[in-house]
file query-v8.txt (compact mmCIF, C-alpha atoms and all ligand atoms)
# COMPACT_ATOMS: atom_id res chain seq x y z
CA MET D 1 -11.59 -43.80 31.43
CA SER D 2 -15.29 -44.27 30.91
CA ILE D 3 -15.57 -40.59 31.68
CA PHE D 4 -13.69 -39.71 28.55
CA ASN D 5 -15.81 -42.08 26.52
CA LYS D 6 -18.79 -40.23 27.84
CA LEU D 7 -17.18 -36.96 26.82
CA THR D 8 -16.59 -38.01 23.26
CA GLU D 9 -20.06 -39.48 22.93
CA ALA D 10 -21.82 -36.52 24.44
CA VAL D 11 -21.85 -34.24 21.46
CA ILE D 12 -24.48 -31.94 22.80
CA ASN D 13 -25.85 -30.24 25.78
CA GLU D 14 -24.68 -26.90 26.94
CA LEU D 15 -26.04 -24.31 29.31
CA ASP D 16 -24.30 -21.54 31.14
CA TYR D 17 -24.37 -20.90 34.86
CA ALA D 18 -26.98 -18.17 34.89
CA GLY D 19 -29.29 -20.13 32.61
CA MET D 20 -29.08 -23.20 34.82
CA THR D 21 -29.74 -21.18 37.94
CA ARG D 22 -32.80 -19.53 36.40
CA LYS D 23 -34.30 -22.78 35.19
CA GLN D 24 -33.64 -24.44 38.52
CA GLN D 25 -35.65 -21.85 40.46
CA SER D 26 -38.98 -23.39 39.47
CA VAL D 27 -38.11 -26.62 41.26
CA THR D 28 -39.83 -25.39 44.42
CA LYS D 29 -43.16 -25.61 42.55
CA LEU D 30 -42.52 -29.33 42.35
CA PHE D 31 -40.84 -29.72 45.76
CA PRO D 32 -41.68 -26.81 48.09
CA PRO D 33 -39.19 -28.05 50.71
CA PHE D 34 -36.42 -28.43 48.11
CA GLN D 35 -34.10 -25.90 49.74
CA ALA D 36 -34.59 -27.37 53.19
CA ARG D 37 -33.84 -30.85 51.90
CA LYS D 38 -30.79 -29.58 50.10
CA GLN D 39 -29.56 -28.23 53.43
CA LYS D 40 -29.39 -31.82 54.68
CA LEU D 41 -26.61 -32.44 52.16
CA VAL D 42 -24.60 -29.80 53.95
CA ASP D 43 -25.43 -31.34 57.32
CA ASN D 44 -24.28 -34.72 56.03
CA GLY D 45 -20.85 -33.42 55.04
CA GLY D 46 -21.33 -31.29 51.95
CA LEU D 47 -19.64 -31.72 48.62
CA VAL D 48 -16.10 -32.74 47.79
CA LEU D 49 -14.35 -32.13 44.49
CA VAL D 50 -12.62 -35.47 43.89
CA ASN D 51 -11.41 -35.29 40.28
CA GLN D 52 -10.56 -32.69 37.69
CA PHE D 53 -10.16 -33.50 34.00
CA PRO D 54 -9.66 -31.21 31.01
CA GLU D 55 -13.39 -30.68 30.58
CA LEU D 56 -14.88 -32.38 33.58
CA TRP D 57 -15.07 -32.09 37.34
CA GLN D 58 -16.31 -34.91 39.53
CA PHE D 59 -17.88 -34.19 42.91
CA LYS D 60 -18.97 -36.53 45.69
CA VAL D 61 -22.16 -35.42 47.37
CA PRO D 62 -23.81 -37.21 50.31
CA SER D 63 -27.40 -38.37 50.24
CA GLY D 64 -29.70 -36.23 52.33
CA THR D 65 -31.86 -39.16 53.36
CA LYS D 66 -29.67 -42.28 53.29
CA PRO D 67 -26.78 -42.16 55.76
CA GLY D 68 -23.45 -43.23 54.29
CA VAL D 69 -24.66 -43.03 50.69
CA GLU D 70 -22.81 -40.77 48.29
CA TYR D 71 -23.63 -39.75 44.74
CA ASP D 72 -21.36 -38.67 41.91
CA VAL D 73 -22.10 -35.29 40.38
CA TYR D 74 -20.32 -34.49 37.13
CA VAL D 75 -19.91 -30.98 35.83
CA HIS D 76 -18.89 -30.84 32.21
CA PHE D 77 -17.48 -27.47 31.15
CA PHE D 78 -18.27 -27.00 27.52
CA ASN D 79 -17.04 -24.59 24.85
CA ILE D 80 -14.08 -23.60 26.98
CA VAL D 81 -11.74 -22.41 24.23
CA PRO D 82 -14.33 -20.10 22.61
CA SER D 83 -14.94 -18.55 26.00
CA LEU D 84 -11.21 -18.12 26.57
CA LYS D 85 -10.87 -16.46 23.17
CA LYS D 86 -13.56 -14.06 24.24
CA TRP D 87 -12.09 -13.15 27.64
CA VAL D 88 -8.29 -13.44 27.42
CA PRO D 89 -7.98 -10.31 25.21
CA ALA D 90 -9.94 -8.26 27.77
CA ARG D 91 -7.25 -5.99 29.23
CA GLY D 92 -9.24 -5.53 32.40
CA LEU D 93 -8.28 -9.12 33.22
CA TRP D 94 -4.55 -8.51 32.78
CA ASN D 95 -2.15 -7.66 35.57
CA LYS D 96 -1.22 -4.02 36.21
CA ASP D 97 1.92 -4.20 34.07
CA GLU D 98 -0.10 -5.81 31.28
CA THR D 99 2.55 -8.53 31.07
CA ALA D 100 0.34 -11.48 31.99
CA ILE D 101 -3.21 -12.63 32.38
CA ASP D 102 -4.70 -12.55 35.89
CA TYR D 103 -5.99 -16.09 36.16
CA ARG D 104 -8.28 -15.34 39.06
CA SER D 105 -10.01 -12.56 37.13
CA LEU D 106 -10.14 -14.67 34.01
CA ALA D 107 -11.63 -17.60 35.92
CA ALA D 108 -14.36 -15.42 37.40
CA GLU D 109 -15.52 -14.43 33.92
CA VAL D 110 -15.11 -17.76 32.17
CA LEU D 111 -16.81 -19.77 34.90
CA PHE D 112 -20.01 -17.81 34.36
CA ASP D 113 -19.72 -17.73 30.60
CA ILE D 114 -19.01 -21.26 29.46
CA ASP D 115 -21.72 -23.81 28.97
CA ILE D 116 -22.23 -26.43 31.64
CA LYS D 117 -23.64 -29.92 31.52
CA THR D 118 -24.27 -31.97 34.60
CA ASP D 119 -25.16 -35.47 35.61
CA CYS D 120 -25.87 -37.07 38.97
CA SER D 121 -25.86 -40.74 39.81
CA CYS D 122 -28.87 -40.47 42.11
CA PRO D 123 -32.26 -41.99 41.12
CA ALA D 124 -34.06 -38.63 41.28
CA ASP D 125 -31.91 -37.26 38.48
CA THR D 126 -33.30 -39.96 36.22
CA PHE D 127 -36.85 -40.49 37.47
CA TRP D 128 -38.01 -37.04 38.60
CA GLY D 129 -37.26 -35.20 35.40
CA PRO D 130 -33.84 -33.55 35.59
CA GLU D 131 -32.17 -35.74 32.99
CA TYR D 132 -35.11 -35.37 30.60
CA ILE D 133 -35.36 -31.61 31.16
CA LYS D 134 -31.61 -31.16 30.73
CA THR D 135 -31.79 -33.19 27.53
CA GLN D 136 -34.55 -30.96 26.18
CA TYR D 137 -33.20 -27.67 27.36
CA LYS D 138 -31.98 -25.39 24.57
CA ASN D 139 -29.09 -23.12 25.35
CA LYS D 140 -27.41 -20.00 24.08
CA SER D 141 -24.75 -21.82 22.08
CA GLY D 142 -27.28 -23.72 20.08
CA GLY D 143 -26.51 -27.07 21.66
CA VAL D 144 -29.20 -29.47 22.58
CA SER D 145 -29.23 -29.88 26.33
CA ALA D 146 -27.41 -29.62 29.62
CA GLN D 147 -27.46 -33.34 30.28
CA PHE D 148 -24.01 -34.81 30.63
CA GLY D 149 -23.78 -38.41 29.46
CA ASP D 150 -26.67 -40.36 28.06
CA ASP D 151 -29.74 -38.48 26.95
CA GLU D 152 -33.05 -39.20 28.63
CA ASP D 153 -35.94 -39.15 26.19
CA ARG D 154 -38.64 -40.44 28.54
CA ALA D 155 -40.59 -37.49 29.87
CA PRO D 156 -41.50 -37.56 33.61
CA ARG D 157 -45.22 -37.47 32.82
CA VAL D 158 -46.34 -38.69 36.21
CA ARG D 159 -43.77 -37.38 38.68
CA ASN D 160 -42.96 -34.01 37.09
CA PRO D 161 -45.45 -33.35 34.28
CA HIS D 162 -44.78 -29.60 34.20
CA GLN D 163 -41.03 -30.19 34.04
CA TYR D 164 -40.16 -27.87 36.89
CA GLY D 165 -36.56 -27.33 37.82
CA LEU D 166 -33.47 -28.59 36.09
CA LEU D 167 -31.33 -30.36 38.66
CA CYS D 168 -31.62 -32.85 41.50
CA LYS D 169 -30.67 -31.70 45.00
CA HIS D 170 -27.08 -32.86 44.53
CA GLY D 171 -26.63 -31.25 41.14
CA ALA D 172 -28.29 -28.07 42.34
CA TYR D 173 -26.04 -27.99 45.38
CA VAL D 174 -22.90 -28.36 43.26
CA VAL D 175 -23.97 -25.69 40.77
CA GLU D 176 -24.88 -23.38 43.63
CA LYS D 177 -21.43 -23.78 45.15
CA LEU D 178 -19.45 -23.46 41.92
CA PRO D 179 -18.61 -19.76 42.48
CA MET D 180 -16.76 -20.80 45.64
CA PHE D 181 -14.45 -22.80 43.40
CA THR D 182 -13.31 -19.82 41.36
CA SER D 183 -9.73 -20.11 42.61
CA THR D 184 -9.76 -23.82 41.88
CA PHE D 185 -11.17 -23.04 38.48
CA ALA D 186 -8.32 -20.58 37.92
CA LYS D 187 -5.73 -23.23 38.78
CA TRP D 188 -7.55 -25.73 36.57
CA LEU D 189 -7.41 -23.28 33.67
CA LYS D 190 -3.70 -22.87 34.30
CA ASP D 191 -3.10 -26.62 34.48
CA PHE D 192 -5.02 -27.57 31.36
CA TYR D 193 -5.29 -24.46 29.21
CA SER D 194 -2.21 -22.35 29.89
CA ASP D 195 -0.77 -23.11 26.44
CA ASP D 196 -3.91 -21.87 24.73
CA ILE D 197 -4.20 -18.92 27.08
CA ASP D 198 -0.56 -17.94 26.62
CA LYS D 199 -0.94 -17.88 22.84
CA MET D 200 -4.15 -15.87 23.05
CA PHE D 201 -2.60 -13.46 25.53
CA ILE D 202 0.57 -12.86 23.50
CA ALA D 203 -1.48 -12.19 20.38
CA ALA D 204 -3.73 -9.78 22.25
CA GLN D 205 -0.74 -8.14 23.94
CA GLN D 206 1.09 -7.61 20.65
CA GLU D 207 -2.01 -6.13 19.11
CA TRP D 208 -2.42 -3.77 22.05
CA PHE D 209 1.24 -2.75 22.08
CA GLY D 210 1.04 -2.12 18.36
CA ILE D 211 -1.88 0.20 18.90
CA GLN D 212 0.05 1.98 21.62
CA LYS D 213 3.09 2.46 19.39
CA ALA D 214 0.98 3.77 16.55
CA ALA D 215 -0.58 6.23 18.95
CA GLY D 216 2.80 7.28 20.33
CA GLU D 217 2.96 10.59 18.47
CA LEU D 218 -0.47 11.66 19.59
CA GLY D 219 0.29 10.54 23.13
CA LYS D 220 3.40 12.74 23.35
CA ALA D 221 1.60 15.78 21.98
CA GLU D 222 -1.12 15.39 24.58
CA GLU D 223 1.43 15.06 27.36
CA GLU D 224 3.34 18.20 26.47
CA GLN D 225 0.36 20.48 26.36
CA PRO D 226 -1.00 20.00 29.86
CA VAL D 227 2.50 20.09 31.42
CA ALA D 228 3.39 23.42 29.79
CA PHE D 229 0.05 24.86 30.77
CA ALA D 230 0.48 23.82 34.38
CA LYS D 231 3.97 25.30 34.58
CA GLY D 232 2.82 28.64 33.19
CA GLY D 233 0.06 28.78 35.74
CA LYS D 234 2.47 28.16 38.59
CA HIS D 235 4.93 30.90 37.72
CA VAL D 236 2.31 33.58 37.30
CA GLU D 237 0.28 32.72 40.30
CA LEU D 238 2.94 31.99 42.90
CA PRO D 239 4.19 35.61 43.31
CA LYS D 240 0.61 36.88 43.62
CA GLU D 241 -0.03 34.63 46.54
CA VAL D 242 2.96 35.96 48.48
CA GLY D 243 2.23 39.57 47.55
CA PRO D 244 -1.17 40.28 49.10
CA GLU D 245 -0.24 38.66 52.42
CA GLU D 246 2.85 40.85 52.77
CA LYS D 247 0.98 43.98 51.77
CA SER D 248 -1.51 43.73 54.55
CA GLU D 249 1.31 43.50 57.08
CA GLU D 250 3.57 46.12 55.50
CA PRO D 251 1.20 49.08 55.49
CA GLU D 252 0.64 48.69 59.23
CA GLY D 253 4.36 48.86 59.96
CA GLY D 254 4.79 51.60 57.34
CA GLY D 255 7.63 49.70 55.68
CA ALA D 256 9.00 49.87 52.11
CA VAL D 257 6.89 52.16 50.00
CA GLY D 258 8.29 51.32 46.58
CA ALA D 259 7.33 47.73 46.79
CA VAL D 260 3.85 48.57 47.92
CA LYS D 261 3.03 50.78 44.95
CA PRO D 262 1.59 48.15 42.67
CA LYS D 263 -0.25 46.53 45.53
CA PRO D 264 -2.05 49.43 47.30
CA LYS D 265 -5.17 49.05 45.21
CA PRO D 266 -6.23 45.78 46.76
CA THR D 267 -5.17 46.65 50.30
CA GLY D 268 -6.55 50.19 50.14
CA GLY D 269 -9.93 48.90 49.16
CA ALA D 270 -12.45 47.69 51.67
CA PRO D 271 -12.55 44.04 52.72
CA LYS D 272 -14.82 43.54 49.74
CA ALA D 273 -12.00 44.40 47.36
CA THR D 274 -9.43 42.19 49.06
CA SER D 275 -11.72 39.26 49.51
CA PRO D 276 -12.51 38.68 45.83
CA GLU D 277 -8.86 38.93 44.90
CA GLU D 278 -7.82 36.68 47.70
CA GLU D 279 -10.46 34.22 46.78
CA LYS D 280 -9.34 34.20 43.19
CA GLY D 281 -5.77 33.84 44.33
CA LYS D 282 -6.56 31.10 46.76
CA THR D 283 -8.54 29.01 44.36
CA LYS D 284 -5.84 29.22 41.75
CA GLU D 285 -2.76 29.52 43.90
CA THR D 286 -3.32 27.50 47.02
CA PRO D 287 -0.56 24.91 47.47
CA LYS D 288 -3.18 22.17 47.37
CA GLY D 289 -4.35 23.26 43.97
CA LEU D 290 -0.81 23.46 42.69
CA THR D 291 0.29 20.09 43.91
CA LYS D 292 -2.82 18.48 42.54
CA ALA D 293 -2.34 20.12 39.19
CA THR D 294 1.36 19.33 38.90
CA THR D 295 1.47 15.76 40.09
CA PRO D 296 -1.23 14.38 37.83
CA ALA D 297 0.13 16.27 34.86
CA ASN D 298 3.70 15.09 35.33
CA THR D 299 3.66 11.56 36.64
CA PRO D 300 0.50 9.67 35.83
CA ALA D 301 -0.37 11.75 32.82
CA THR D 302 1.91 9.70 30.58
CA LYS D 303 -0.05 6.46 30.94
CA PRO D 304 -3.57 7.91 30.64
CA ALA D 305 -2.52 10.04 27.71
CA THR D 306 -1.28 7.08 25.71
CA ARG D 307 -4.30 5.01 26.65
CA LYS D 308 -6.65 7.71 25.52
CA ALA D 309 -4.79 7.94 22.27
CA GLY D 310 -5.23 4.23 21.60
CA PRO D 311 -8.97 4.02 21.00
CA GLU D 312 -8.98 7.29 19.07
CA THR D 313 -6.54 6.00 16.53
CA LYS D 314 -8.65 2.90 16.08
ZN ZN S 1 -28.70 -36.26 42.49

call {"tool": "encode", "arguments": {"input": "query-v8.txt", "output": "structure tokens"}}
result
Amino acid sequence: MSIFNKLTEAVINELDYAGMTRKQQSVTKLFPPFQARKQKLVDNGGLVLVNQFPELWQFKVPSGTKPGVEYDVYVHFFNIVPSLKKWVPARGLWNKDETAIDYRSLAAEVLFDIDIKTDCSCPADTFWGPEYIKTQYKNKSGGVSAQFGDDEDRAPRVRNPHQYGLLCKHGAYVVEKLPMFTSTFAKWLKDFYSDDIDKMFIAAQQEWFGIQKAAGELGKAEEEQPVAFAKGGKHVELPKEVGPEEKSEEPEGGGAVGAVKPKPKPTGGAPKATSPEEEKGKTKETPKGLTKATTPANTPATKPATRKAGPETK
């Protein structure tokens, strides 16, 4: 319950994933072996996500130096609803039928977009600068810091005078591993925010369907044109393809003369004359070309045509 008190009291402090990662990179100027020491956390068992609340995840992370000691790392996801409002209407995150949001895709975007605050219960978080730096750090949303919980206003003048880094080993380890929790994040969104997401999705869906309906007339017109054009091409070109092949065989056998009359010109000519005609015929008439032309025009053309019409009408 104290967690929720912390949440209500912490009015501040936001920073997104990329911003945290960038700021954290300078920590090796303070602790060159930082990454190696962080690896010991993995050797000692790694992190465990022990609790999920509407805005907060709690991890247990082992100490790298003290066997059996664990620290609590809190990750506070901030400005969740604004981020959802930004991403739920993105149709690229909907399922193929556009009947529902794809939570996994949504989670992947939101996780890297929302602001994050952290706190760790280890001494380093307090005494080596992270809490002070997080408190000071300005972020894209205009909040004050990325420190979850109580602010720390005492600068680490002795231990970390240049204020390198942003997170302790445990916090850094959790933030580094957050992308591996994208599926968990998706389920968490579904558990705690599905009502909001459903409303946002339905509104976005209705708006999109409305655009599609308004564009219906244009969409039909675009569909009819390419289909008619493709059909005309087929009828004209198909007989040509059969003709020249038969001609070359017929003259040798000395078969029907009447039928050959229109065709003699190409056959009578040297290979040069036949080759250009055949090439033209092949490029236009080959079964491959026909099937390609017909199938896209008939079947999938309906969906692309309407989609194209949408943005134009806007
Ligand atoms: Zn820590």

call {"tool": "closest_atom_pairs", "arguments": {"input": "query-v8.txt", "of": "chain D", "to": "ligand ZN 1 (chain S)", "cutoff": "8 Å", "atoms": "all atoms listed in the file", "output": "Markdown table"}}
result
| residue | atom | partner | partner_atom | distance |
| --- | --- | --- | --- | --- |
| D:Tyr71 | CA | S:ZN1 | ZN | 6.6 |
| D:Asp72 | CA | S:ZN1 | ZN | 7.7 |
| D:Val73 | CA | S:ZN1 | ZN | 7.0 |
| D:Asp119 | CA | S:ZN1 | ZN | 7.8 |
| D:Cys120 | CA | S:ZN1 | ZN | 4.6 |
| D:Ser121 | CA | S:ZN1 | ZN | 5.9 |
| D:Cys122 | CA | S:ZN1 | ZN | 4.2 |
| D:Pro123 | CA | S:ZN1 | ZN | 6.9 |
| D:Ala124 | CA | S:ZN1 | ZN | 6.0 |
| D:Asp125 | CA | S:ZN1 | ZN | 5.2 |
| D:Leu167 | CA | S:ZN1 | ZN | 7.5 |
| D:Cys168 | CA | S:ZN1 | ZN | 4.6 |
| D:Lys169 | CA | S:ZN1 | ZN | 5.6 |
| D:His170 | CA | S:ZN1 | ZN | 4.3 |
| D:Gly171 | CA | S:ZN1 | ZN | 5.6 |

call {"tool": "atom_distance", "arguments": {"input": "query-v8.txt", "atom1": "CA of Pro54 (chain D)", "atom2": "CA of Lys23 (chain D)"}}
result
26.4 Å

call {"tool": "residues_around", "arguments": {"input": "query-v8.txt", "residues": "Tyr164 (chain D)", "least_positions_apart": "3", "cutoff": "8 Å", "atoms": "only C-alpha atoms", "output": "VMD selection string"}}
result
chain D and resid 23 to 24 26 to 30 160

call {"tool": "atom_distance", "arguments": {"input": "query-v8.txt", "atom1": "CA of Phe31 (chain D)", "atom2": "CA of Trp128 (chain D)"}}
result
10.6 Å

call {"tool": "closest_residue", "arguments": {"input": "query-v8.txt", "among": "D:Thr118, D:Ala214, D:Gln206, D:Asp151", "to": "Glu98 (chain D)", "atoms": "only C-alpha atoms"}}
result
D:Gln206

call {"tool": "atom_distance", "arguments": {"input": "query-v8.txt", "atom1": "CA of Arg91 (chain D)", "atom2": "CA of Lys177 (chain D)"}}
result
27.8 Å

call {"tool": "residues_near_point", "arguments": {"input": "query-v8.txt", "point": "(-21.4, -22.3, 30.9)", "cutoff": "6 Å", "atoms": "only C-alpha atoms", "output": "PyMOL selection string"}}
result
chain D and resi 15-17+112-116

call {"tool": "residues_near_point", "arguments": {"input": "query-v8.txt", "point": "(-10.9, -11.2, 31.6)", "cutoff": "12 Å", "atoms": "all atoms listed in the file", "output": "short mmCIF file (atom, residue, chain, number, x, y, z; two decimals) with C-alpha atoms, in the frame of the given file"}}
result
data_model
loop_
_atom_site.label_atom_id
_atom_site.label_comp_id
_atom_site.auth_asym_id
_atom_site.auth_seq_id
_atom_site.Cartn_x
_atom_site.Cartn_y
_atom_site.Cartn_z
CA SER D 83 -14.94 -18.55 26.00
CA LEU D 84 -11.21 -18.12 26.57
CA LYS D 85 -10.87 -16.46 23.17
CA LYS D 86 -13.56 -14.06 24.24
CA TRP D 87 -12.09 -13.15 27.64
CA VAL D 88 -8.29 -13.44 27.42
CA PRO D 89 -7.98 -10.31 25.21
CA ALA D 90 -9.94 -8.26 27.77
CA ARG D 91 -7.25 -5.99 29.23
CA GLY D 92 -9.24 -5.53 32.40
CA LEU D 93 -8.28 -9.12 33.22
CA TRP D 94 -4.55 -8.51 32.78
CA ASN D 95 -2.15 -7.66 35.57
CA ALA D 100 0.34 -11.48 31.99
CA ILE D 101 -3.21 -12.63 32.38
CA ASP D 102 -4.70 -12.55 35.89
CA TYR D 103 -5.99 -16.09 36.16
CA ARG D 104 -8.28 -15.34 39.06
CA SER D 105 -10.01 -12.56 37.13
CA LEU D 106 -10.14 -14.67 34.01
CA ALA D 107 -11.63 -17.60 35.92
CA ALA D 108 -14.36 -15.42 37.40
CA GLU D 109 -15.52 -14.43 33.92
CA VAL D 110 -15.11 -17.76 32.17
CA LEU D 111 -16.81 -19.77 34.90
CA PHE D 112 -20.01 -17.81 34.36
CA ASP D 113 -19.72 -17.73 30.60
CA ALA D 186 -8.32 -20.58 37.92
CA ILE D 197 -4.20 -18.92 27.08
CA MET D 200 -4.15 -15.87 23.05
CA PHE D 201 -2.60 -13.46 25.53
CA ALA D 204 -3.73 -9.78 22.25
#

call {"tool": "closest_residue", "arguments": {"input": "query-v8.txt", "among": "D:Glu55, D:Gly19, D:Gly45, D:Pro32", "to": "Phe185 (chain D)", "atoms": "only C-alpha atoms"}}
result
D:Glu55

call {"tool": "closest_residue", "arguments": {"input": "query-v8.txt", "among": "D:Ala146, D:Ala215, D:Leu41, D:Ala155", "to": "Tyr132 (chain D)", "atoms": "only C-alpha atoms"}}
result
D:Ala155

call {"tool": "closest_residue", "arguments": {"input": "query-v8.txt", "among": "D:Val158, D:Ile202, D:Asp196, D:Leu166", "to": "Ser145 (chain D)", "atoms": "only C-alpha atoms"}}
result
D:Leu166

call {"tool": "closest_residue", "arguments": {"input": "query-v8.txt", "among": "D:Trp208, D:Phe34, D:Tyr173, D:Phe192", "to": "Thr21 (chain D)", "atoms": "all atoms listed in the file"}}
result
D:Tyr173

call {"tool": "build_atoms", "arguments": {"input": "query-v8.txt", "residues": "region 156-181 of chain D", "atoms": "N, CA and C atoms", "output": "JSON list (two decimals), keeping the file's coordinate frame"}}
result
[["chain", "number", "residue", "atom", "x", "y", "z"],
["D", 156, "PRO", "N", -40.97, -37.19, 32.28],
["D", 156, "PRO", "CA", -41.50, -37.56, 33.61],
["D", 156, "PRO", "C", -42.98, -37.20, 33.72],
["D", 157, "ARG", "N", -43.82, -37.88, 32.94],
["D", 157, "ARG", "CA", -45.22, -37.47, 32.82],
["D", 157, "ARG", "C", -45.98, -37.57, 34.13],
["D", 158, "VAL", "N", -45.61, -38.51, 34.95],
["D", 158, "VAL", "CA", -46.34, -38.69, 36.21],
["D", 158, "VAL", "C", -45.72, -37.87, 37.34],
["D", 159, "ARG", "N", -44.41, -37.99, 37.51],
["D", 159, "ARG", "CA", -43.77, -37.38, 38.68],
["D", 159, "ARG", "C", -43.55, -35.87, 38.53],
["D", 160, "ASN", "N", -43.27, -35.43, 37.29],
["D", 160, "ASN", "CA", -42.96, -34.01, 37.09],
["D", 160, "ASN", "C", -43.51, -33.55, 35.74],
["D", 161, "PRO", "N", -44.86, -33.61, 35.59],
["D", 161, "PRO", "CA", -45.45, -33.35, 34.28],
["D", 161, "PRO", "C", -45.19, -31.94, 33.75],
["D", 162, "HIS", "N", -45.02, -30.98, 34.65],
["D", 162, "HIS", "CA", -44.78, -29.60, 34.20],
["D", 162, "HIS", "C", -43.30, -29.29, 34.01],
["D", 163, "GLN", "N", -42.48, -30.31, 34.27],
["D", 163, "GLN", "CA", -41.03, -30.19, 34.04],
["D", 163, "GLN", "C", -40.43, -28.99, 34.78],
["D", 164, "TYR", "N", -40.74, -28.91, 36.06],
["D", 164, "TYR", "CA", -40.16, -27.87, 36.89],
["D", 164, "TYR", "C", -38.70, -28.19, 37.20],
["D", 165, "GLY", "N", -37.94, -27.15, 37.40],
["D", 165, "GLY", "CA", -36.56, -27.33, 37.82],
["D", 165, "GLY", "C", -35.68, -27.83, 36.69],
["D", 166, "LEU", "N", -34.45, -28.10, 37.06],
["D", 166, "LEU", "CA", -33.47, -28.59, 36.09],
["D", 166, "LEU", "C", -32.55, -29.64, 36.69],
["D", 167, "LEU", "N", -32.35, -29.53, 38.01],
["D", 167, "LEU", "CA", -31.33, -30.36, 38.66],
["D", 167, "LEU", "C", -31.90, -31.05, 39.90],
["D", 168, "CYS", "N", -31.32, -32.21, 40.23],
["D", 168, "CYS", "CA", -31.62, -32.85, 41.50],
["D", 168, "CYS", "C", -30.96, -32.05, 42.63],
["D", 169, "LYS", "N", -31.24, -32.42, 43.86],
["D", 169, "LYS", "CA", -30.67, -31.70, 45.00],
["D", 169, "LYS", "C", -29.14, -31.64, 44.92],
["D", 170, "HIS", "N", -28.55, -32.77, 44.54],
["D", 170, "HIS", "CA", -27.08, -32.86, 44.53],
["D", 170, "HIS", "C", -26.48, -32.01, 43.43],
["D", 171, "GLY", "N", -27.11, -32.09, 42.24],
["D", 171, "GLY", "CA", -26.63, -31.25, 41.14],
["D", 171, "GLY", "C", -26.83, -29.78, 41.44],
["D", 172, "ALA", "N", -27.99, -29.46, 42.02],
["D", 172, "ALA", "CA", -28.29, -28.07, 42.34],
["D", 172, "ALA", "C", -27.30, -27.53, 43.38],
["D", 173, "TYR", "N", -26.98, -28.39, 44.33],
["D", 173, "TYR", "CA", -26.04, -27.99, 45.38],
["D", 173, "TYR", "C", -24.65, -27.71, 44.79],
["D", 174, "VAL", "N", -24.22, -28.56, 43.88],
["D", 174, "VAL", "CA", -22.90, -28.36, 43.26],
["D", 174, "VAL", "C", -22.89, -27.07, 42.43],
["D", 175, "VAL", "N", -23.92, -26.89, 41.61],
["D", 175, "VAL", "CA", -23.97, -25.69, 40.77],
["D", 175, "VAL", "C", -24.02, -24.43, 41.64],
["D", 176, "GLU", "N", -24.77, -24.53, 42.72],
["D", 176, "GLU", "CA", -24.88, -23.38, 43.63],
["D", 176, "GLU", "C", -23.53, -23.02, 44.24],
["D", 177, "LYS", "N", -22.71, -24.02, 44.49],
["D", 177, "LYS", "CA", -21.43, -23.78, 45.15],
["D", 177, "LYS", "C", -20.28, -23.51, 44.18],
["D", 178, "LEU", "N", -20.54, -23.63, 42.90],
["D", 178, "LEU", "CA", -19.45, -23.46, 41.92],
["D", 178, "LEU", "C", -18.68, -22.14, 42.08],
["D", 179, "PRO", "N", -19.37, -21.01, 42.33],
["D", 179, "PRO", "CA", -18.61, -19.76, 42.48],
["D", 179, "PRO", "C", -17.56, -19.81, 43.58],
["D", 180, "MET", "N", -17.76, -20.68, 44.57],
["D", 180, "MET", "CA", -16.76, -20.80, 45.64],
["D", 180, "MET", "C", -15.51, -21.51, 45.15],
["D", 181, "PHE", "N", -15.60, -22.09, 43.97],
["D", 181, "PHE", "CA", -14.45, -22.80, 43.40],
["D", 181, "PHE", "C", -13.73, -21.97, 42.34]]
